[in-house]
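Worksheet: one structure, shown below.
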Amino acid sequence: MKKFPFEKEIIRLLDNTPFYIYDEKGILKSLKKLQSAFFWCDFKEYFAVKATPTPYILKILGKNNCGMDCSSLVELYLSEMVNIIGENILFTSNNTPLKEYKKAYDLGAIINFDDIGHINKFVKKIGIPKIASIRYIPKESYGTDIIGDPLNSKFGMPFDNIIEGYKKMKELGVKRFGFHSMLVSNTLEEDLIEKNTEIIFRTVKRISDILNIEFEFIDIGGGFGIPYKPEDKELDIDKLGNEIRELYEKYFIEFKPKIFTENGRYITGSHGYLITKVLHIKESYKTYVGVDASMANLMRPGMYKAYHHITVLGKEGKNKKYDVVGSLCENNDKFAIDRELPELEEGDILIIHDVGAHGHSMGFNYNGKLRSAEYIYDGKDIKMIRRAQTLDDYFSTIQGGDIYV
Ligand SMILES: Cc1ncc(COP(=O)(O)O)c(C=O)c1O
């Protein structure tokens with residue numbers, strides 16, 4: 001049973017729906033669990049900023065020995081803002097504008113290249129990165145039904161290209177090397193992650209033998225899953241850590257690379273909730289419950305048909321089937337379809353679970369919907385960590401002569 005942990009604490013905020021609320025202790029507990037599963041090696045999690053780019057959250061993670069995996073200029077600035085800089089940033093992006101590389105270089109970040117052409121441009125226009133890696137996309141990997149077919153992936157470089165890439169970097173004067181790949185997404189099967197990690201380790205060993213490179217780190221990516229459905233099992237992170245340890249001992253005898261991960265969802269996903277109010281109930285061919293949040297607040301159900309569990313503040317049971325919808329002019333603006341919930345009425349508060357990652361951050365302004373506020377509960381108090389967007393914010397970027405008549 002999924003439970004919302006701070007029902008009493010949010011009562012005073014209920015006039016402000018829709019809003020996000022995060023559980024600080026839960027986030028840090030997940031980080032610690034991940035870190036302790038890799039106790040046997042020199043390990044670092046680089047949190048995927050894109051998942052929850054909220055400075056308060058980045059800061060508490062940084063204070064707990066977590067680096068930042070940044071993919072854009074703004075994410076680099078966010079990391080700098082909370083004083084996480086230097087090699088505590090891993091910059092991994094594709095189709096990257098040079099000014100973003102420049103910012104990453106100025107911050108002293110580890111640079112992860114996604115194409116050989118970028119290596120040339122970077123060295124010519126910016127400088128020699130102190131430490132760099134390449135993102136690898138093997139022809140075949142496991143669980144591609146979830147992450148997508150590698151042959152259609154815009155990310156990463158095939159084996160022959162990475163060999164060329166590392167050769168090129170050596171020639172150009174790069175001295176310290178890492179290796180990067182991300183082959184799973186929201187995966188709850190330890191064995192699947194292990195098998196993909198073996199592809200990565202085997203490749204690192206092969207390149208090391210061919211080019212005589214001692215890799216300083218291997219970033220095995222993010223994508224560790226969380227149980228979105230009540231019946232989903234949790235990823236057994238200790239089991240996974242042990243399986244990867246065995247692989248590590250098999251492949252790395254002459255040199256001992258650090259292990260990095262860049263999870264987002266595993267750290268914050270289960271510890272965020274979207275709180276929304278029932279505005280209206282409509283009977284049509286089915287029963288629609290309209291809430292004051294929409295796909296603009298959380299696009300995962302509309303975009304990926306992702307399941308998000310919903311509970312109702314102060315009500316239990318499964319008495320009636322509803323489609324839970326927002327008010328966007330799009331028919332995929334639905335948080336749930338044919339979901340059994342307690343009998344609902346206007347004013348009821350719905351809690352949409354597991355939205356701590358790729359939730360608020362994927363929000364948008366379609367139909368002029370304004371972005372919602374974010375709060376965090378630290379065990380004692382609720383703090384606002386991002387205010388809601390206002391009409392003034394929305395209109396502040398508009399230009400174009402005498403538009404106000
Ligand atoms: C390169 C890269 N790293 C890390 C992540 C984080 O994924 P997750 O939040 O599923 O761990 C993503 C997700 O989009 C990604 O594309």
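Each chain in the structure tokens gets a letter, A, B and so on, in the order shown; residues start at 1 in every chain, and ligands are counted from 1 in the order they appear.
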
TODO: Name the residues, by chain letter and number, that sit within 7 Å of ligand 1 using only C-alpha atoms and all ligand atoms, and give them as an MDAnalysis selection string.
DONE: chainID A and resid 48 51 92 182 185:186 221:225 262:266 357:358

Determine which residues of range 73-144 of chain A receive a DSSP assignment of alpha helix (DSSP H), computed from the backbone, and state them as a short mmCIF file (atom, residue, chain, number, x, y, z; two decimals) with C-alpha atoms, in the first residue's frame.
```cif
data_model
loop_
_atom_site.label_atom_id
_atom_site.label_comp_id
_atom_site.auth_asym_id
_atom_site.auth_seq_id
_atom_site.Cartn_x
_atom_site.Cartn_y
_atom_site.Cartn_z
CA LEU A 73 23.77 25.38 -19.60
CA VAL A 74 21.04 26.03 -17.05
CA GLU A 75 21.82 22.80 -15.24
CA LEU A 76 25.48 23.86 -15.06
CA TYR A 77 24.44 27.21 -13.58
CA LEU A 78 22.16 25.46 -11.08
CA SER A 79 25.03 23.29 -9.94
CA GLU A 80 27.32 26.30 -9.64
CA MET A 81 24.60 28.14 -7.71
CA LEU A 98 29.87 25.28 -27.73
CA LYS A 99 28.91 27.86 -25.13
CA GLU A 100 27.60 25.03 -22.94
CA TYR A 101 30.89 23.15 -23.28
CA LYS A 102 32.72 26.37 -22.45
CA LYS A 103 30.77 26.83 -19.23
CA ALA A 104 31.42 23.20 -18.27
CA TYR A 105 35.13 23.67 -18.99
CA ASP A 106 35.26 26.91 -16.96
CA ILE A 116 33.90 12.57 -32.26
CA GLY A 117 33.23 15.89 -34.04
CA HIS A 118 32.67 17.50 -30.66
CA ILE A 119 36.10 16.41 -29.44
CA ASN A 120 37.74 18.31 -32.30
CA LYS A 121 35.59 21.38 -31.84
CA PHE A 122 36.10 21.42 -28.09
CA VAL A 123 39.89 21.27 -28.25
CA LYS A 124 40.10 23.77 -31.10
CA LYS A 125 37.70 26.33 -29.69
CA THR A 144 16.01 -2.33 -25.24
#
```

Task: Nearest to Glu45 in chain A by atom-to-atom distance, counting only C-alpha atoms, from A:Met1, A:Ile259, A:Ile226, A:Val184 - done: A:Ile259

Open item on the list: I'd like the contact shell of Leu192 in chain A - 10 Å cut-off, only C-alpha atoms, skipping same-chain residues fewer than 6 positions apart - returned as a PyMOL selection string.
Closed with: chain A and resi 141-143+183-184+198+240

Neighbours of Asn332 in chain A within 12 Å (only C-alpha atoms; same-chain residues fewer than 3 positions away dropped), as a PDB file with N, CA and C atoms, in the first residue's frame?
```pdb
ATOM      1  N   SER A 294      -2.728  19.556 -14.379  1.00  0.00           N
ATOM      2  CA  SER A 294      -2.909  19.020 -15.727  1.00  0.00           C
ATOM      3  C   SER A 294      -1.582  18.404 -16.169  1.00  0.00           C
ATOM      4  N   MET A 295      -1.595  17.927 -17.393  1.00  0.00           N
ATOM      5  CA  MET A 295      -0.366  17.364 -17.967  1.00  0.00           C
ATOM      6  C   MET A 295       0.775  18.398 -17.958  1.00  0.00           C
ATOM      7  N   ALA A 296       0.406  19.676 -17.900  1.00  0.00           N
ATOM      8  CA  ALA A 296       1.445  20.714 -17.833  1.00  0.00           C
ATOM      9  C   ALA A 296       2.210  20.633 -16.510  1.00  0.00           C
ATOM     10  N   LEU A 298       2.553  17.536 -14.924  1.00  0.00           N
ATOM     11  CA  LEU A 298       3.157  16.191 -14.888  1.00  0.00           C
ATOM     12  C   LEU A 298       2.838  15.521 -16.214  1.00  0.00           C
ATOM     13  N   MET A 299       3.849  15.437 -17.068  1.00  0.00           N
ATOM     14  CA  MET A 299       3.548  14.932 -18.413  1.00  0.00           C
ATOM     15  C   MET A 299       3.792  13.434 -18.594  1.00  0.00           C
ATOM     16  N   ARG A 300       4.340  12.761 -17.571  1.00  0.00           N
ATOM     17  CA  ARG A 300       4.698  11.349 -17.766  1.00  0.00           C
ATOM     18  C   ARG A 300       3.503  10.469 -18.172  1.00  0.00           C
ATOM     19  N   PRO A 301       2.324  10.600 -17.520  1.00  0.00           N
ATOM     20  CA  PRO A 301       1.211   9.732 -17.954  1.00  0.00           C
ATOM     21  C   PRO A 301       0.814  10.000 -19.408  1.00  0.00           C
ATOM     22  N   GLY A 302       0.741  11.271 -19.785  1.00  0.00           N
ATOM     23  CA  GLY A 302       0.340  11.600 -21.156  1.00  0.00           C
ATOM     24  C   GLY A 302       1.406  11.224 -22.167  1.00  0.00           C
ATOM     25  N   MET A 303       2.657  11.410 -21.795  1.00  0.00           N
ATOM     26  CA  MET A 303       3.756  11.203 -22.742  1.00  0.00           C
ATOM     27  C   MET A 303       4.138   9.727 -22.884  1.00  0.00           C
ATOM     28  N   TYR A 304       4.218   9.040 -21.732  1.00  0.00           N
ATOM     29  CA  TYR A 304       4.694   7.640 -21.771  1.00  0.00           C
ATOM     30  C   TYR A 304       3.625   6.628 -21.359  1.00  0.00           C
ATOM     31  N   LYS A 305       2.420   7.085 -21.111  1.00  0.00           N
ATOM     32  CA  LYS A 305       1.390   6.230 -20.505  1.00  0.00           C
ATOM     33  C   LYS A 305       1.888   5.689 -19.153  1.00  0.00           C
ATOM     34  N   ALA A 306       2.680   6.471 -18.469  1.00  0.00           N
ATOM     35  CA  ALA A 306       3.269   6.017 -17.207  1.00  0.00           C
ATOM     36  C   ALA A 306       2.208   5.925 -16.118  1.00  0.00           C
ATOM     37  N   ASP A 323     -11.703   8.367 -14.920  1.00  0.00           N
ATOM     38  CA  ASP A 323     -10.546   8.920 -15.625  1.00  0.00           C
ATOM     39  C   ASP A 323     -10.232  10.225 -14.903  1.00  0.00           C
ATOM     40  N   VAL A 324      -8.984  10.378 -14.476  1.00  0.00           N
ATOM     41  CA  VAL A 324      -8.603  11.599 -13.751  1.00  0.00           C
ATOM     42  C   VAL A 324      -7.925  12.528 -14.755  1.00  0.00           C
ATOM     43  N   VAL A 325      -8.521  13.682 -14.988  1.00  0.00           N
ATOM     44  CA  VAL A 325      -8.073  14.517 -16.113  1.00  0.00           C
ATOM     45  C   VAL A 325      -7.787  15.954 -15.682  1.00  0.00           C
ATOM     46  N   GLY A 326      -6.962  16.625 -16.509  1.00  0.00           N
ATOM     47  CA  GLY A 326      -6.724  18.053 -16.327  1.00  0.00           C
ATOM     48  C   GLY A 326      -7.592  18.841 -17.294  1.00  0.00           C
ATOM     49  N   SER A 327      -7.260  20.142 -17.469  1.00  0.00           N
ATOM     50  CA  SER A 327      -8.122  20.960 -18.325  1.00  0.00           C
ATOM     51  C   SER A 327      -7.416  21.431 -19.593  1.00  0.00           C
ATOM     52  N   LEU A 328      -6.326  20.742 -19.987  1.00  0.00           N
ATOM     53  CA  LEU A 328      -5.666  21.109 -21.256  1.00  0.00           C
ATOM     54  C   LEU A 328      -6.539  20.695 -22.439  1.00  0.00           C
ATOM     55  N   CYS A 329      -6.350  21.380 -23.552  1.00  0.00           N
ATOM     56  CA  CYS A 329      -7.091  21.028 -24.765  1.00  0.00           C
ATOM     57  C   CYS A 329      -6.383  19.882 -25.484  1.00  0.00           C
ATOM     58  N   PHE A 335      -4.300  11.809 -15.928  1.00  0.00           N
ATOM     59  CA  PHE A 335      -3.375  11.234 -14.940  1.00  0.00           C
ATOM     60  C   PHE A 335      -3.645   9.746 -14.733  1.00  0.00           C
ATOM     61  N   ALA A 336      -4.867   9.334 -15.009  1.00  0.00           N
ATOM     62  CA  ALA A 336      -5.219   7.918 -14.838  1.00  0.00           C
ATOM     63  C   ALA A 336      -6.444   7.633 -15.684  1.00  0.00           C
ATOM     64  N   ILE A 337      -6.505   6.403 -16.183  1.00  0.00           N
ATOM     65  CA  ILE A 337      -7.645   5.982 -17.007  1.00  0.00           C
ATOM     66  C   ILE A 337      -8.267   4.754 -16.337  1.00  0.00           C
TER      67      ILE A 337
END
```

Open item on the list: Between A:Trp40, A:Phe6, A:Phe217, A:Tyr322, which residue has the minimum interatomic distance to Leu341 in chain A, considering only C-alpha atoms?
Closed with: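 Closest candidate: A:Tyr322.
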
Task: Of the listed residues A:Lys334, A:His309, A:Gly272, A:Phe113, that which approaches Val289 in chain A most closely, counting only C-alpha atoms - done: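 Result for the nearest residue to Val289 in chain A: A:Lys334.
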
Against range 131-135 of chain A, which residues of range 209-265 of chain A fall within 10 Å? For each one I want the closest pair of atoms and the distance in Å (one decimal), counting only C-alpha atoms, rows by chain and increasing residue number, as CSV.
```
residue,atom,partner,partner_atom,distance
A:Phe215,CA,A:Ser133,CA,9.1
A:Glu216,CA,A:Ile131,CA,8.9
A:Phe217,CA,A:Ser133,CA,8.7
A:Ile218,CA,A:Ser133,CA,8.7
A:Asp219,CA,A:Ser133,CA,9.0
A:Ile220,CA,A:Arg135,CA,9.9
A:Gly221,CA,A:Arg135,CA,9.6
```

Open item on the list: Here is a test: counting only C-alpha atoms, which residue of A:Asp191, A:Asp42, A:Asp149, A:Glu346 is nearest to Asn242 in chain A?
Closed with: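 Of A:Asp191, A:Asp42, A:Asp149, A:Glu346, the one nearest Asn242 in chain A is A:Asp191, counting only C-alpha atoms.
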
Task: Distance of CA of Ala388 in chain A from CA of Ile351 in chain A, expressed in Å to one decimal place - done: 18.1 Å

Open item on the list: So the first atom is CA of Ile281 in chain A and the second is CA of Arg387 in chain A; what is the distance between them in Å, to one decimal place?
Closed with: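 About the pair CA of Ile281 in chain A and CA of Arg387 in chain A: they are 28.6 Å apart.
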
Open item on the list: Please identify the strand (DSSP E) residues within range 97-240 of chain A (assignment by DSSP from backbone atoms) and present them as a VMD selection string.
Closed with: chain A and resid 110 to 113 131 to 135 176 to 180 217 to 219

Task: CA of Lys33 in chain A to CA of Glu7 in chain A, straight-line distance in Å - done: 25.6 Å

Task: Test item: residues at most 8 Å from Ile382 in chain A, only C-alpha atoms, excluding those fewer than 6 positions along its chain, as a list in words - done: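 In the requested form, the answer reads Glu9, Tyr375 and Ile376 of chain A.
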
Export of the given selection (N, CA and C atoms) as a PDB file, in the first residue's frame:
```pdb
ATOM      1  N   GLU A   9       0.381  17.585   7.818  1.00  0.00           N
ATOM      2  CA  GLU A   9       1.248  18.743   7.589  1.00  0.00           C
ATOM      3  C   GLU A   9       0.810  19.589   6.395  1.00  0.00           C
ATOM      4  N   TYR A 375       7.352  22.389  -2.556  1.00  0.00           N
ATOM      5  CA  TYR A 375       7.614  22.447  -1.118  1.00  0.00           C
ATOM      6  C   TYR A 375       8.429  21.222  -0.729  1.00  0.00           C
ATOM      7  N   ILE A 376       9.068  21.323   0.433  1.00  0.00           N
ATOM      8  CA  ILE A 376       9.750  20.129   0.954  1.00  0.00           C
ATOM      9  C   ILE A 376       9.448  20.005   2.438  1.00  0.00           C
TER      10      ILE A 376
END
```

Open item on the list: Could you list, as a VMD selection string, every residue within 7 Å of Ile267 in chain A, counting only C-alpha atoms and ignoring same-chain residues fewer than 4 positions away?
Closed with: chain A and resid 27 30 to 31 263

Given the selection you just returned, output its residues as a file containing N, CA, C and O atoms, formatted as a compact mmCIF listing (two decimals), in the first residue's frame.
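What ended up in again.txt:
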```
# COMPACT_ATOMS: atom_id res chain seq x y z
N ILE A 27 14.57 11.32 0.45
CA ILE A 27 15.55 11.52 -0.63
C ILE A 27 16.94 11.13 -0.14
O ILE A 27 17.68 10.39 -0.81
N SER A 30 17.43 7.37 0.23
CA SER A 30 17.68 6.67 -1.04
C SER A 30 19.12 6.88 -1.51
O SER A 30 19.76 5.96 -2.01
N LEU A 31 19.62 8.10 -1.34
CA LEU A 31 21.01 8.36 -1.72
C LEU A 31 21.96 7.47 -0.91
O LEU A 31 22.87 6.84 -1.46
N ASN A 263 22.00 8.50 -11.42
CA ASN A 263 20.56 8.27 -11.26
C ASN A 263 19.85 9.56 -10.92
O ASN A 263 20.40 10.43 -10.23
```

Open item on the list: Which residue is closest to Lys44 in chain A? Choose from A:Asn161, A:Asn152, A:Asn16, A:Asn88 and count only C-alpha atoms.
Closed with: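 Closest to Lys44 in chain A of all the choices is A:Asn88.
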
Open item on the list: Between A:Glu254, A:Asp392, A:Glu330, A:Asp381, which residue has the minimum interatomic distance to Glu24 in chain A, considering only C-alpha atoms?
Closed with: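 Using only C-alpha atoms, Glu24 in chain A sits closest to A:Asp381.
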
Using only C-alpha atoms, which protein or nucleic acid residues come within 12 Å of Ile163 in chain A? Drop anything in the same chain fewer than 5 positions from it, and give the result as a PDB file with N, CA and C atoms, in the first residue's frame.
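Writing the result to result_10.pdb gives the following:
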```
ATOM      1  N   ASP A 115      30.040  12.711 -29.432  1.00  0.00           N
ATOM      2  CA  ASP A 115      30.381  12.554 -30.851  1.00  0.00           C
ATOM      3  C   ASP A 115      31.833  12.973 -31.062  1.00  0.00           C
ATOM      4  N   ILE A 116      32.486  12.315 -32.005  1.00  0.00           N
ATOM      5  CA  ILE A 116      33.896  12.573 -32.261  1.00  0.00           C
ATOM      6  C   ILE A 116      34.100  14.014 -32.743  1.00  0.00           C
ATOM      7  N   SER A 133      35.484  11.744 -21.014  1.00  0.00           N
ATOM      8  CA  SER A 133      34.996  10.396 -21.309  1.00  0.00           C
ATOM      9  C   SER A 133      34.172  10.440 -22.595  1.00  0.00           C
ATOM     10  N   ILE A 134      33.789   9.251 -23.039  1.00  0.00           N
ATOM     11  CA  ILE A 134      32.940   9.160 -24.233  1.00  0.00           C
ATOM     12  C   ILE A 134      31.737   8.295 -23.883  1.00  0.00           C
ATOM     13  N   ARG A 135      30.585   8.686 -24.409  1.00  0.00           N
ATOM     14  CA  ARG A 135      29.376   7.881 -24.196  1.00  0.00           C
ATOM     15  C   ARG A 135      29.294   6.787 -25.256  1.00  0.00           C
ATOM     16  N   TYR A 136      29.209   5.561 -24.788  1.00  0.00           N
ATOM     17  CA  TYR A 136      29.200   4.388 -25.675  1.00  0.00           C
ATOM     18  C   TYR A 136      27.778   3.882 -25.895  1.00  0.00           C
ATOM     19  N   MET A 157      28.222   6.781 -28.993  1.00  0.00           N
ATOM     20  CA  MET A 157      29.029   6.446 -30.170  1.00  0.00           C
ATOM     21  C   MET A 157      29.269   4.939 -30.216  1.00  0.00           C
ATOM     22  N   PRO A 158      29.246   4.334 -31.431  1.00  0.00           N
ATOM     23  CA  PRO A 158      29.533   2.898 -31.557  1.00  0.00           C
ATOM     24  C   PRO A 158      31.013   2.609 -31.272  1.00  0.00           C
ATOM     25  N   LYS A 168      42.073  10.004 -30.612  1.00  0.00           N
ATOM     26  CA  LYS A 168      42.110  11.443 -30.915  1.00  0.00           C
ATOM     27  C   LYS A 168      42.404  12.236 -29.651  1.00  0.00           C
ATOM     28  N   MET A 169      41.692  11.889 -28.572  1.00  0.00           N
ATOM     29  CA  MET A 169      41.895  12.644 -27.327  1.00  0.00           C
ATOM     30  C   MET A 169      43.345  12.509 -26.840  1.00  0.00           C
ATOM     31  N   LYS A 170      43.891  11.303 -26.974  1.00  0.00           N
ATOM     32  CA  LYS A 170      45.293  11.103 -26.562  1.00  0.00           C
ATOM     33  C   LYS A 170      46.219  12.000 -27.377  1.00  0.00           C
ATOM     34  N   PHE A 179      34.894   6.566 -18.868  1.00  0.00           N
ATOM     35  CA  PHE A 179      34.058   5.875 -19.855  1.00  0.00           C
ATOM     36  C   PHE A 179      32.622   6.004 -19.398  1.00  0.00           C
ATOM     37  N   THR A 203      33.837  -3.759 -22.461  1.00  0.00           N
ATOM     38  CA  THR A 203      34.280  -2.783 -23.470  1.00  0.00           C
ATOM     39  C   THR A 203      35.424  -1.924 -22.923  1.00  0.00           C
ATOM     40  N   VAL A 204      35.302  -1.527 -21.685  1.00  0.00           N
ATOM     41  CA  VAL A 204      36.374  -0.715 -21.077  1.00  0.00           C
ATOM     42  C   VAL A 204      37.685  -1.502 -21.096  1.00  0.00           C
ATOM     43  N   ARG A 206      38.543  -3.901 -23.041  1.00  0.00           N
ATOM     44  CA  ARG A 206      39.008  -4.054 -24.428  1.00  0.00           C
ATOM     45  C   ARG A 206      39.721  -2.782 -24.907  1.00  0.00           C
ATOM     46  N   ILE A 207      39.096  -1.648 -24.641  1.00  0.00           N
ATOM     47  CA  ILE A 207      39.713  -0.389 -25.101  1.00  0.00           C
ATOM     48  C   ILE A 207      41.026  -0.161 -24.370  1.00  0.00           C
ATOM     49  N   SER A 208      41.003  -0.472 -23.094  1.00  0.00           N
ATOM     50  CA  SER A 208      42.218  -0.297 -22.300  1.00  0.00           C
ATOM     51  C   SER A 208      43.361  -1.142 -22.889  1.00  0.00           C
ATOM     52  N   ASP A 209      43.041  -2.380 -23.280  1.00  0.00           N
ATOM     53  CA  ASP A 209      44.066  -3.253 -23.867  1.00  0.00           C
ATOM     54  C   ASP A 209      44.545  -2.719 -25.214  1.00  0.00           C
ATOM     55  N   ILE A 210      43.609  -2.227 -26.026  1.00  0.00           N
ATOM     56  CA  ILE A 210      43.984  -1.765 -27.374  1.00  0.00           C
ATOM     57  C   ILE A 210      44.797  -0.469 -27.298  1.00  0.00           C
ATOM     58  N   LEU A 211      44.348   0.458 -26.456  1.00  0.00           N
ATOM     59  CA  LEU A 211      44.959   1.806 -26.484  1.00  0.00           C
ATOM     60  C   LEU A 211      45.856   2.104 -25.290  1.00  0.00           C
ATOM     61  N   ASN A 212      45.964   1.117 -24.417  1.00  0.00           N
ATOM     62  CA  ASN A 212      46.811   1.296 -23.234  1.00  0.00           C
ATOM     63  C   ASN A 212      46.374   2.511 -22.397  1.00  0.00           C
ATOM     64  N   ILE A 213      45.083   2.532 -22.134  1.00  0.00           N
ATOM     65  CA  ILE A 213      44.539   3.605 -21.290  1.00  0.00           C
ATOM     66  C   ILE A 213      44.130   2.997 -19.955  1.00  0.00           C
TER      67      ILE A 213
END
```
